[in-house]
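Data block for coords-v9.tsv (TSV, N, CA and C atoms):
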```tsv
chain	number	residue	atom	x	y	z
A	1	MET	N	-32.97	-18.62	-29.24
A	1	MET	CA	-32.98	-19.14	-27.87
A	1	MET	C	-33.16	-18.01	-26.86
A	2	LYS	N	-32.63	-16.82	-27.17
A	2	LYS	CA	-32.75	-15.71	-26.25
A	2	LYS	C	-34.22	-15.34	-26.02
A	3	ARG	N	-35.02	-15.36	-27.09
A	3	ARG	CA	-36.43	-15.02	-26.93
A	3	ARG	C	-37.17	-16.08	-26.12
A	4	ARG	N	-36.75	-17.32	-26.23
A	4	ARG	CA	-37.38	-18.37	-25.41
A	4	ARG	C	-37.15	-18.08	-23.93
A	5	LYS	N	-35.95	-17.70	-23.57
A	5	LYS	CA	-35.65	-17.35	-22.17
A	5	LYS	C	-36.46	-16.13	-21.75
A	6	SER	N	-36.60	-15.18	-22.64
A	6	SER	CA	-37.40	-13.99	-22.34
A	6	SER	C	-38.85	-14.35	-22.11
A	7	ARG	N	-39.37	-15.28	-22.93
A	7	ARG	CA	-40.75	-15.73	-22.73
A	7	ARG	C	-40.89	-16.44	-21.38
A	8	GLU	N	-39.91	-17.23	-21.02
A	8	GLU	CA	-39.94	-17.91	-19.72
A	8	GLU	C	-39.96	-16.89	-18.59
A	9	GLU	N	-39.15	-15.86	-18.72
A	9	GLU	CA	-39.10	-14.81	-17.70
A	9	GLU	C	-40.44	-14.09	-17.61
A	10	ALA	N	-41.02	-13.77	-18.77
A	10	ALA	CA	-42.34	-13.12	-18.79
A	10	ALA	C	-43.39	-14.02	-18.15
A	11	LEU	N	-43.35	-15.32	-18.47
A	11	LEU	CA	-44.29	-16.27	-17.88
A	11	LEU	C	-44.16	-16.30	-16.37
A	12	LYS	N	-42.96	-16.32	-15.86
A	12	LYS	CA	-42.74	-16.36	-14.42
A	12	LYS	C	-43.31	-15.11	-13.74
A	13	LEU	N	-43.11	-13.96	-14.35
A	13	LEU	CA	-43.64	-12.72	-13.78
A	13	LEU	C	-45.17	-12.71	-13.81
A	14	LEU	N	-45.76	-13.09	-14.94
A	14	LEU	CA	-47.22	-13.11	-15.04
A	14	LEU	C	-47.82	-14.14	-14.08
A	15	TYR	N	-47.16	-15.28	-13.96
A	15	TYR	CA	-47.62	-16.32	-13.04
A	15	TYR	C	-47.56	-15.81	-11.60
A	16	GLN	N	-46.46	-15.20	-11.24
A	16	GLN	CA	-46.30	-14.67	-9.87
A	16	GLN	C	-47.37	-13.63	-9.57
A	17	GLY	N	-47.60	-12.73	-10.51
A	17	GLY	CA	-48.63	-11.72	-10.31
A	17	GLY	C	-50.01	-12.33	-10.19
A	18	ASP	N	-50.27	-13.35	-10.99
A	18	ASP	CA	-51.55	-14.05	-10.98
A	18	ASP	C	-51.78	-14.75	-9.65
A	19	ILE	N	-50.80	-15.48	-9.19
A	19	ILE	CA	-50.92	-16.25	-7.94
A	19	ILE	C	-51.00	-15.33	-6.72
A	20	GLN	N	-50.16	-14.32	-6.69
A	20	GLN	CA	-50.11	-13.42	-5.54
A	20	GLN	C	-51.15	-12.31	-5.63
A	21	ARG	N	-51.82	-12.22	-6.77
A	21	ARG	CA	-52.84	-11.18	-7.01
A	21	ARG	C	-52.26	-9.78	-6.78
A	22	VAL	N	-51.10	-9.57	-7.41
A	22	VAL	CA	-50.46	-8.26	-7.35
A	22	VAL	C	-50.30	-7.72	-8.77
A	23	ASP	N	-50.13	-6.44	-8.87
A	23	ASP	CA	-49.91	-5.81	-10.17
A	23	ASP	C	-48.52	-6.21	-10.66
A	24	VAL	N	-48.48	-6.81	-11.83
A	24	VAL	CA	-47.21	-7.30	-12.37
A	24	VAL	C	-46.24	-6.15	-12.63
A	25	ARG	N	-46.76	-4.97	-12.87
A	25	ARG	CA	-45.88	-3.82	-13.10
A	25	ARG	C	-45.01	-3.55	-11.87
A	26	GLU	N	-45.53	-3.83	-10.68
A	26	GLU	CA	-44.72	-3.69	-9.47
A	26	GLU	C	-43.59	-4.72	-9.47
A	27	LEU	N	-43.89	-5.92	-9.94
A	27	LEU	CA	-42.87	-6.96	-9.99
A	27	LEU	C	-41.77	-6.61	-10.97
A	28	LEU	N	-42.13	-5.92	-12.05
A	28	LEU	CA	-41.12	-5.51	-13.03
A	28	LEU	C	-40.10	-4.56	-12.44
A	29	GLU	N	-40.51	-3.81	-11.46
A	29	GLU	CA	-39.59	-2.86	-10.83
A	29	GLU	C	-38.60	-3.53	-9.90
A	30	GLN	N	-38.91	-4.75	-9.50
A	30	GLN	CA	-38.03	-5.48	-8.59
A	30	GLN	C	-37.03	-6.28	-9.42
A	31	ASP	N	-35.92	-6.62	-8.81
A	31	ASP	CA	-35.00	-7.54	-9.45
A	31	ASP	C	-35.63	-8.92	-9.42
A	32	VAL	N	-35.38	-9.68	-10.46
A	32	VAL	CA	-35.92	-11.02	-10.59
A	32	VAL	C	-34.77	-12.00	-10.51
A	33	LEU	N	-34.97	-13.11	-9.82
A	33	LEU	CA	-33.93	-14.14	-9.75
A	33	LEU	C	-34.02	-15.02	-10.99
A	34	SER	N	-32.88	-15.22	-11.64
A	34	SER	CA	-32.85	-16.14	-12.77
A	34	SER	C	-32.74	-17.56	-12.24
A	35	GLU	N	-32.81	-18.55	-13.14
A	35	GLU	CA	-32.76	-19.95	-12.73
A	35	GLU	C	-31.47	-20.30	-12.00
A	36	ASP	N	-30.39	-19.63	-12.35
A	36	ASP	CA	-29.11	-19.96	-11.71
A	36	ASP	C	-28.87	-19.13	-10.44
A	37	GLY	N	-29.90	-18.41	-9.98
A	37	GLY	CA	-29.80	-17.68	-8.73
A	37	GLY	C	-29.21	-16.30	-8.86
A	38	GLU	N	-28.86	-15.91	-10.07
A	38	GLU	CA	-28.31	-14.58	-10.31
A	38	GLU	C	-29.44	-13.55	-10.33
A	39	GLN	N	-29.14	-12.35	-9.85
A	39	GLN	CA	-30.11	-11.27	-9.95
A	39	GLN	C	-30.12	-10.77	-11.39
A	40	THR	N	-31.29	-10.56	-11.92
A	40	THR	CA	-31.40	-10.07	-13.29
A	40	THR	C	-32.57	-9.12	-13.40
A	41	GLN	N	-32.49	-8.22	-14.29
A	41	GLN	CA	-33.62	-7.36	-14.60
A	41	GLN	C	-34.12	-7.82	-15.95
A	42	GLY	N	-35.43	-7.89	-16.13
A	42	GLY	CA	-35.99	-8.38	-17.38
A	42	GLY	C	-35.42	-7.66	-18.59
A	43	ASP	N	-35.23	-8.40	-19.68
A	43	ASP	CA	-34.76	-7.77	-20.90
A	43	ASP	C	-35.92	-7.08	-21.60
A	44	ALA	N	-35.61	-6.36	-22.63
A	44	ALA	CA	-36.63	-5.55	-23.30
A	44	ALA	C	-37.77	-6.41	-23.86
A	45	PHE	N	-37.44	-7.58	-24.41
A	45	PHE	CA	-38.48	-8.43	-24.99
A	45	PHE	C	-39.43	-8.97	-23.91
A	46	SER	N	-38.88	-9.46	-22.79
A	46	SER	CA	-39.74	-10.00	-21.74
A	46	SER	C	-40.57	-8.89	-21.10
A	47	ILE	N	-39.99	-7.74	-20.89
A	47	ILE	CA	-40.73	-6.61	-20.33
A	47	ILE	C	-41.83	-6.18	-21.29
A	48	GLY	N	-41.51	-6.15	-22.58
A	48	GLY	CA	-42.52	-5.81	-23.58
A	48	GLY	C	-43.68	-6.79	-23.58
A	49	LEU	N	-43.38	-8.08	-23.42
A	49	LEU	CA	-44.45	-9.08	-23.36
A	49	LEU	C	-45.34	-8.86	-22.14
A	50	VAL	N	-44.72	-8.68	-20.99
A	50	VAL	CA	-45.49	-8.49	-19.76
A	50	VAL	C	-46.34	-7.23	-19.85
A	51	GLU	N	-45.73	-6.14	-20.25
A	51	GLU	CA	-46.49	-4.89	-20.35
A	51	GLU	C	-47.60	-4.99	-21.39
A	52	GLY	N	-47.31	-5.65	-22.51
A	52	GLY	CA	-48.32	-5.82	-23.55
A	52	GLY	C	-49.49	-6.67	-23.09
A	53	VAL	N	-49.19	-7.75	-22.38
A	53	VAL	CA	-50.25	-8.61	-21.86
A	53	VAL	C	-51.10	-7.82	-20.87
A	54	MET	N	-50.47	-7.09	-19.97
A	54	MET	CA	-51.22	-6.35	-18.96
A	54	MET	C	-52.07	-5.24	-19.59
A	55	LYS	N	-51.52	-4.54	-20.55
A	55	LYS	CA	-52.24	-3.44	-21.20
A	55	LYS	C	-53.46	-3.95	-21.96
A	56	ASN	N	-53.36	-5.14	-22.54
A	56	ASN	CA	-54.42	-5.67	-23.40
A	56	ASN	C	-55.11	-6.90	-22.80
A	57	ARG	N	-54.99	-7.05	-21.50
A	57	ARG	CA	-55.45	-8.28	-20.85
A	57	ARG	C	-56.94	-8.56	-21.04
A	58	LEU	N	-57.77	-7.55	-20.98
A	58	LEU	CA	-59.21	-7.78	-21.15
A	58	LEU	C	-59.51	-8.38	-22.52
A	59	GLU	N	-58.94	-7.79	-23.56
A	59	GLU	CA	-59.16	-8.30	-24.91
A	59	GLU	C	-58.56	-9.70	-25.07
A	60	ILE	N	-57.37	-9.91	-24.54
A	60	ILE	CA	-56.71	-11.21	-24.62
A	60	ILE	C	-57.54	-12.26	-23.92
A	61	ASP	N	-57.99	-11.97	-22.70
A	61	ASP	CA	-58.79	-12.93	-21.95
A	61	ASP	C	-60.11	-13.24	-22.65
A	62	GLU	N	-60.73	-12.23	-23.26
A	62	GLU	CA	-61.98	-12.47	-24.00
A	62	GLU	C	-61.74	-13.41	-25.18
A	63	LYS	N	-60.63	-13.22	-25.86
A	63	LYS	CA	-60.29	-14.08	-27.00
A	63	LYS	C	-60.07	-15.52	-26.52
A	64	ILE	N	-59.37	-15.69	-25.42
A	64	ILE	CA	-59.13	-17.03	-24.88
A	64	ILE	C	-60.46	-17.66	-24.48
A	65	LYS	N	-61.30	-16.92	-23.77
A	65	LYS	CA	-62.61	-17.45	-23.34
A	65	LYS	C	-63.44	-17.90	-24.53
A	66	ARG	N	-63.39	-17.13	-25.59
A	66	ARG	CA	-64.20	-17.43	-26.77
A	66	ARG	C	-63.83	-18.77	-27.40
A	67	PHE	N	-62.55	-19.13	-27.35
A	67	PHE	CA	-62.08	-20.34	-28.01
A	67	PHE	C	-61.78	-21.50	-27.07
A	68	ALA	N	-61.82	-21.26	-25.78
A	68	ALA	CA	-61.58	-22.32	-24.79
A	68	ALA	C	-62.94	-22.91	-24.40
A	69	ILE	N	-63.49	-23.69	-25.29
A	69	ILE	CA	-64.82	-24.26	-25.09
A	69	ILE	C	-64.82	-25.10	-23.80
A	70	ASP	N	-65.81	-24.85	-22.96
A	70	ASP	CA	-66.00	-25.57	-21.70
A	70	ASP	C	-64.91	-25.33	-20.66
A	71	TRP	N	-64.09	-24.31	-20.87
A	71	TRP	CA	-63.04	-23.97	-19.91
A	71	TRP	C	-63.14	-22.49	-19.57
A	72	SER	N	-63.35	-22.18	-18.31
A	72	SER	CA	-63.27	-20.79	-17.88
A	72	SER	C	-61.80	-20.49	-17.58
A	73	LEU	N	-61.44	-19.22	-17.60
A	73	LEU	CA	-60.06	-18.85	-17.26
A	73	LEU	C	-59.71	-19.29	-15.84
A	74	GLU	N	-60.67	-19.17	-14.95
A	74	GLU	CA	-60.43	-19.52	-13.55
A	74	GLU	C	-60.17	-21.02	-13.38
A	75	ARG	N	-60.73	-21.82	-14.26
A	75	ARG	CA	-60.57	-23.27	-14.17
A	75	ARG	C	-59.23	-23.75	-14.74
A	76	MET	N	-58.64	-22.94	-15.61
A	76	MET	CA	-57.35	-23.30	-16.21
A	76	MET	C	-56.25	-23.21	-15.17
A	77	SER	N	-55.21	-24.00	-15.37
A	77	SER	CA	-54.05	-23.86	-14.48
A	77	SER	C	-53.45	-22.47	-14.72
A	78	PRO	N	-52.89	-21.86	-13.68
A	78	PRO	CA	-52.30	-20.53	-13.85
A	78	PRO	C	-51.18	-20.48	-14.89
A	79	ILE	N	-50.44	-21.56	-15.02
A	79	ILE	CA	-49.39	-21.61	-16.03
A	79	ILE	C	-50.01	-21.58	-17.42
A	80	ASP	N	-50.98	-22.48	-17.67
A	80	ASP	CA	-51.62	-22.53	-18.98
A	80	ASP	C	-52.26	-21.19	-19.33
A	81	ARG	N	-52.94	-20.62	-18.37
A	81	ARG	CA	-53.62	-19.34	-18.58
A	81	ARG	C	-52.63	-18.25	-19.02
A	82	ASN	N	-51.49	-18.20	-18.37
A	82	ASN	CA	-50.51	-17.15	-18.68
A	82	ASN	C	-49.69	-17.47	-19.93
A	83	VAL	N	-49.46	-18.73	-20.22
A	83	VAL	CA	-48.84	-19.11	-21.49
A	83	VAL	C	-49.75	-18.66	-22.63
A	84	LEU	N	-51.04	-18.92	-22.49
A	84	LEU	CA	-52.01	-18.50	-23.51
A	84	LEU	C	-52.03	-16.99	-23.66
A	85	ARG	N	-51.98	-16.28	-22.57
A	85	ARG	CA	-51.99	-14.81	-22.63
A	85	ARG	C	-50.80	-14.28	-23.41
A	86	ILE	N	-49.63	-14.83	-23.14
A	86	ILE	CA	-48.44	-14.38	-23.87
A	86	ILE	C	-48.58	-14.66	-25.36
A	87	ALA	N	-48.99	-15.88	-25.70
A	87	ALA	CA	-49.10	-16.25	-27.11
A	87	ALA	C	-50.17	-15.45	-27.83
A	88	VAL	N	-51.31	-15.25	-27.18
A	88	VAL	CA	-52.37	-14.47	-27.82
A	88	VAL	C	-51.91	-13.02	-28.00
A	89	TYR	N	-51.20	-12.49	-27.03
A	89	TYR	CA	-50.64	-11.14	-27.20
A	89	TYR	C	-49.74	-11.10	-28.44
A	90	GLU	N	-48.85	-12.08	-28.56
A	90	GLU	CA	-47.95	-12.11	-29.72
A	90	GLU	C	-48.74	-12.21	-31.02
A	91	ILE	N	-49.75	-13.08	-31.05
A	91	ILE	CA	-50.54	-13.28	-32.27
A	91	ILE	C	-51.27	-12.00	-32.66
A	92	LEU	N	-51.85	-11.32	-31.69
A	92	LEU	CA	-52.66	-10.14	-31.99
A	92	LEU	C	-51.84	-8.87	-32.22
A	93	TYR	N	-50.72	-8.74	-31.51
A	93	TYR	CA	-50.03	-7.44	-31.49
A	93	TYR	C	-48.59	-7.43	-31.99
A	94	CYS	N	-48.00	-8.58	-32.22
A	94	CYS	CA	-46.59	-8.62	-32.61
A	94	CYS	C	-46.46	-9.11	-34.05
A	95	ASP	N	-46.61	-8.20	-34.98
A	95	ASP	CA	-46.58	-8.56	-36.40
A	95	ASP	C	-45.23	-9.12	-36.85
A	96	ASP	N	-44.18	-8.82	-36.09
A	96	ASP	CA	-42.84	-9.29	-36.47
A	96	ASP	C	-42.58	-10.73	-36.05
A	97	ILE	N	-43.51	-11.35	-35.31
A	97	ILE	CA	-43.35	-12.73	-34.87
A	97	ILE	C	-44.35	-13.60	-35.63
A	98	PRO	N	-43.87	-14.57	-36.40
A	98	PRO	CA	-44.79	-15.46	-37.12
A	98	PRO	C	-45.71	-16.19	-36.14
A	99	ILE	N	-46.96	-16.35	-36.52
A	99	ILE	CA	-47.95	-17.00	-35.66
A	99	ILE	C	-47.48	-18.40	-35.26
A	100	GLY	N	-46.91	-19.13	-36.21
A	100	GLY	CA	-46.43	-20.49	-35.91
A	100	GLY	C	-45.37	-20.50	-34.83
A	101	VAL	N	-44.52	-19.49	-34.82
A	101	VAL	CA	-43.48	-19.40	-33.79
A	101	VAL	C	-44.12	-19.15	-32.43
A	102	SER	N	-45.09	-18.25	-32.38
A	102	SER	CA	-45.77	-17.96	-31.11
A	102	SER	C	-46.45	-19.22	-30.56
A	103	ILE	N	-47.11	-19.96	-31.45
A	103	ILE	CA	-47.81	-21.18	-31.01
A	103	ILE	C	-46.80	-22.21	-30.54
A	104	ASN	N	-45.74	-22.43	-31.32
A	104	ASN	CA	-44.74	-23.43	-30.95
A	104	ASN	C	-44.08	-23.09	-29.62
A	105	GLU	N	-43.72	-21.84	-29.43
A	105	GLU	CA	-43.09	-21.43	-28.17
A	105	GLU	C	-44.04	-21.62	-26.99
A	106	ALA	N	-45.31	-21.31	-27.19
A	106	ALA	CA	-46.30	-21.48	-26.12
A	106	ALA	C	-46.46	-22.96	-25.76
A	107	VAL	N	-46.51	-23.80	-26.76
A	107	VAL	CA	-46.63	-25.25	-26.52
A	107	VAL	C	-45.42	-25.75	-25.74
A	108	GLU	N	-44.23	-25.31	-26.12
A	108	GLU	CA	-43.02	-25.73	-25.42
A	108	GLU	C	-43.01	-25.24	-23.97
A	109	LEU	N	-43.44	-24.01	-23.74
A	109	LEU	CA	-43.53	-23.50	-22.36
A	109	LEU	C	-44.53	-24.32	-21.54
A	110	ALA	N	-45.66	-24.63	-22.14
A	110	ALA	CA	-46.68	-25.42	-21.43
A	110	ALA	C	-46.15	-26.81	-21.09
A	111	LYS	N	-45.44	-27.43	-22.02
A	111	LYS	CA	-44.87	-28.75	-21.77
A	111	LYS	C	-43.83	-28.70	-20.65
A	112	LYS	N	-43.03	-27.65	-20.66
A	112	LYS	CA	-41.94	-27.54	-19.68
A	112	LYS	C	-42.45	-27.22	-18.28
A	113	TYR	N	-43.43	-26.33	-18.17
A	113	TYR	CA	-43.81	-25.82	-16.85
A	113	TYR	C	-45.16	-26.31	-16.33
A	114	SER	N	-45.93	-27.01	-17.16
A	114	SER	CA	-47.26	-27.42	-16.71
A	114	SER	C	-47.42	-28.93	-16.80
A	115	THR	N	-48.60	-29.40	-17.10
A	115	THR	CA	-48.90	-30.83	-17.06
A	115	THR	C	-48.59	-31.52	-18.39
A	116	GLU	N	-48.71	-32.84	-18.40
A	116	GLU	CA	-48.47	-33.62	-19.60
A	116	GLU	C	-49.38	-33.21	-20.76
A	117	THR	N	-50.60	-32.88	-20.44
A	117	THR	CA	-51.58	-32.57	-21.48
A	117	THR	C	-51.66	-31.08	-21.82
A	118	SER	N	-50.91	-30.27	-21.14
A	118	SER	CA	-50.99	-28.82	-21.36
A	118	SER	C	-50.56	-28.40	-22.75
A	119	GLY	N	-49.57	-29.06	-23.30
A	119	GLY	CA	-49.12	-28.71	-24.64
A	119	GLY	C	-50.23	-28.85	-25.67
A	120	LYS	N	-50.97	-29.95	-25.58
A	120	LYS	CA	-52.08	-30.18	-26.51
A	120	LYS	C	-53.20	-29.17	-26.26
A	121	PHE	N	-53.48	-28.90	-25.01
A	121	PHE	CA	-54.52	-27.95	-24.63
A	121	PHE	C	-54.21	-26.57	-25.21
A	122	VAL	N	-53.01	-26.10	-24.96
A	122	VAL	CA	-52.57	-24.78	-25.44
A	122	VAL	C	-52.57	-24.75	-26.97
A	123	ASN	N	-52.06	-25.80	-27.59
A	123	ASN	CA	-52.01	-25.86	-29.05
A	123	ASN	C	-53.42	-25.80	-29.65
A	124	GLY	N	-54.35	-26.52	-29.05
A	124	GLY	CA	-55.73	-26.54	-29.56
A	124	GLY	C	-56.38	-25.16	-29.54
A	125	ILE	N	-56.24	-24.47	-28.42
A	125	ILE	CA	-56.84	-23.15	-28.31
A	125	ILE	C	-56.16	-22.15	-29.25
A	126	LEU	N	-54.84	-22.17	-29.28
A	126	LEU	CA	-54.13	-21.22	-30.14
A	126	LEU	C	-54.35	-21.53	-31.62
A	127	GLY	N	-54.49	-22.79	-31.95
A	127	GLY	CA	-54.81	-23.15	-33.32
A	127	GLY	C	-56.12	-22.56	-33.78
A	128	LYS	N	-57.12	-22.63	-32.91
A	128	LYS	CA	-58.44	-22.03	-33.24
A	128	LYS	C	-58.34	-20.51	-33.36
A	129	ILE	N	-57.60	-19.89	-32.45
A	129	ILE	CA	-57.46	-18.43	-32.48
A	129	ILE	C	-56.72	-18.00	-33.75
A	130	SER	N	-55.71	-18.74	-34.13
A	130	SER	CA	-54.91	-18.34	-35.30
A	130	SER	C	-55.69	-18.46	-36.60
A	131	LYS	N	-56.67	-19.33	-36.64
A	131	LYS	CA	-57.48	-19.50	-37.86
A	131	LYS	C	-58.53	-18.42	-38.01
A	132	GLN	N	-58.82	-17.72	-36.94
A	132	GLN	CA	-59.87	-16.71	-36.97
A	132	GLN	C	-59.42	-15.45	-37.67
```
Here is the file; what I need is its structure written in the form of structure tokens.
Amino acid sequence: MKRRKSREEALKLLYQGDIQRVDVRELLEQDVLSEDGEQTQGDAFSIGLVEGVMKNRLEIDEKIKRFAIDWSLERMSPIDRNVLRIAVYEILYCDDIPIGVSINEAVELAKKYSTETSGKFVNGILGKISKQ
């Protein structure tokens, strides 16, 4: 459960950076408000996800574009786009996380924070990427 919260925190930071068009590394230096209004600093796992996504974003985005048939990154909702980035980062670079766990966590994040159909959308793209 702790990693799920860390993924949520990473998603919020990536989403904020995406929407505000700011470098997410600057956001990492700031205190982040948790859901209960407490000030928190990202834990090591969430910071690792954010930094990993940012460091490898070009490759991650290319992989998403390749498998998101008829969908440009710009056309995707910002939540879906960043959920996919986190999961693709985990699939490509985090050997200690089973691919199925990364996909399942991404689907759950999409269901929780995005639209009704986002879970299926995210699952479809990640399923194709995982088979490659």
Interatomic distance between atom N of Leu73 of chain A and atom N of Asp23 of chain A?
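Separating atom N of Leu73 of chain A from atom N of Asp23 of chain A is a distance of 19.2 Å.
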The residue from A:Leu92, A:Val50, A:Ile79, A:Val24 with the smallest atom-to-atom distance to Glu9 of chain A, counting all atoms listed in the file, is A:Val50
Output as a short mmCIF file (atom, residue, chain, number, x, y, z; two decimals) with N, CA and C atoms, keeping the file's coordinate frame all residues of chain A that backbone DSSP marks as strand (DSSP E or B).
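Below is the file that was written, part-v2.cif:
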```
data_model
loop_
_atom_site.label_atom_id
_atom_site.label_comp_id
_atom_site.auth_asym_id
_atom_site.auth_seq_id
_atom_site.Cartn_x
_atom_site.Cartn_y
_atom_site.Cartn_z
N VAL A 32 -35.38 -9.68 -10.46
CA VAL A 32 -35.92 -11.02 -10.59
C VAL A 32 -34.77 -12.00 -10.51
N LEU A 33 -34.97 -13.11 -9.82
CA LEU A 33 -33.93 -14.14 -9.75
C LEU A 33 -34.02 -15.02 -10.99
N GLN A 39 -29.14 -12.35 -9.85
CA GLN A 39 -30.11 -11.27 -9.95
C GLN A 39 -30.12 -10.77 -11.39
N THR A 40 -31.29 -10.56 -11.92
CA THR A 40 -31.40 -10.07 -13.29
C THR A 40 -32.57 -9.12 -13.40
#
```
Mind checking DSSP for chain A and telling me the helix (DSSP H, G or I) residues as JSON, numbers by chain? {"A": [2, 3, 4, 5, 6, 7, 8, 9, 10, 11, 12, 13, 14, 15, 16, 17, 18, 19, 20, 24, 25, 26, 27, 28, 29, 44, 45, 46, 47, 48, 49, 50, 51, 52, 53, 54, 55, 57, 58, 59, 60, 61, 62, 63, 64, 65, 66, 67, 78, 79, 80, 81, 82, 83, 84, 85, 86, 87, 88, 89, 90, 91, 92, 93, 99, 100, 101, 102, 103, 104, 105, 106, 107, 108, 109, 110, 111, 112, 113, 118, 119, 120, 121, 122, 123, 124, 125, 126, 127, 128, 129, 130, 131]}
Check your understanding: Using only N, CA and C atoms, which residues sit within 8 Å of segment 103-111 of chain A once same-chain residues fewer than 2 positions away are excluded, as JSON, numbers by chain?
Key -> {"A": [4, 7, 8, 79, 80, 83, 84, 86, 87, 88, 90, 91, 98, 99, 100, 101, 113, 114, 115, 116, 117, 118, 119, 120, 121, 122, 123, 126, 127]}
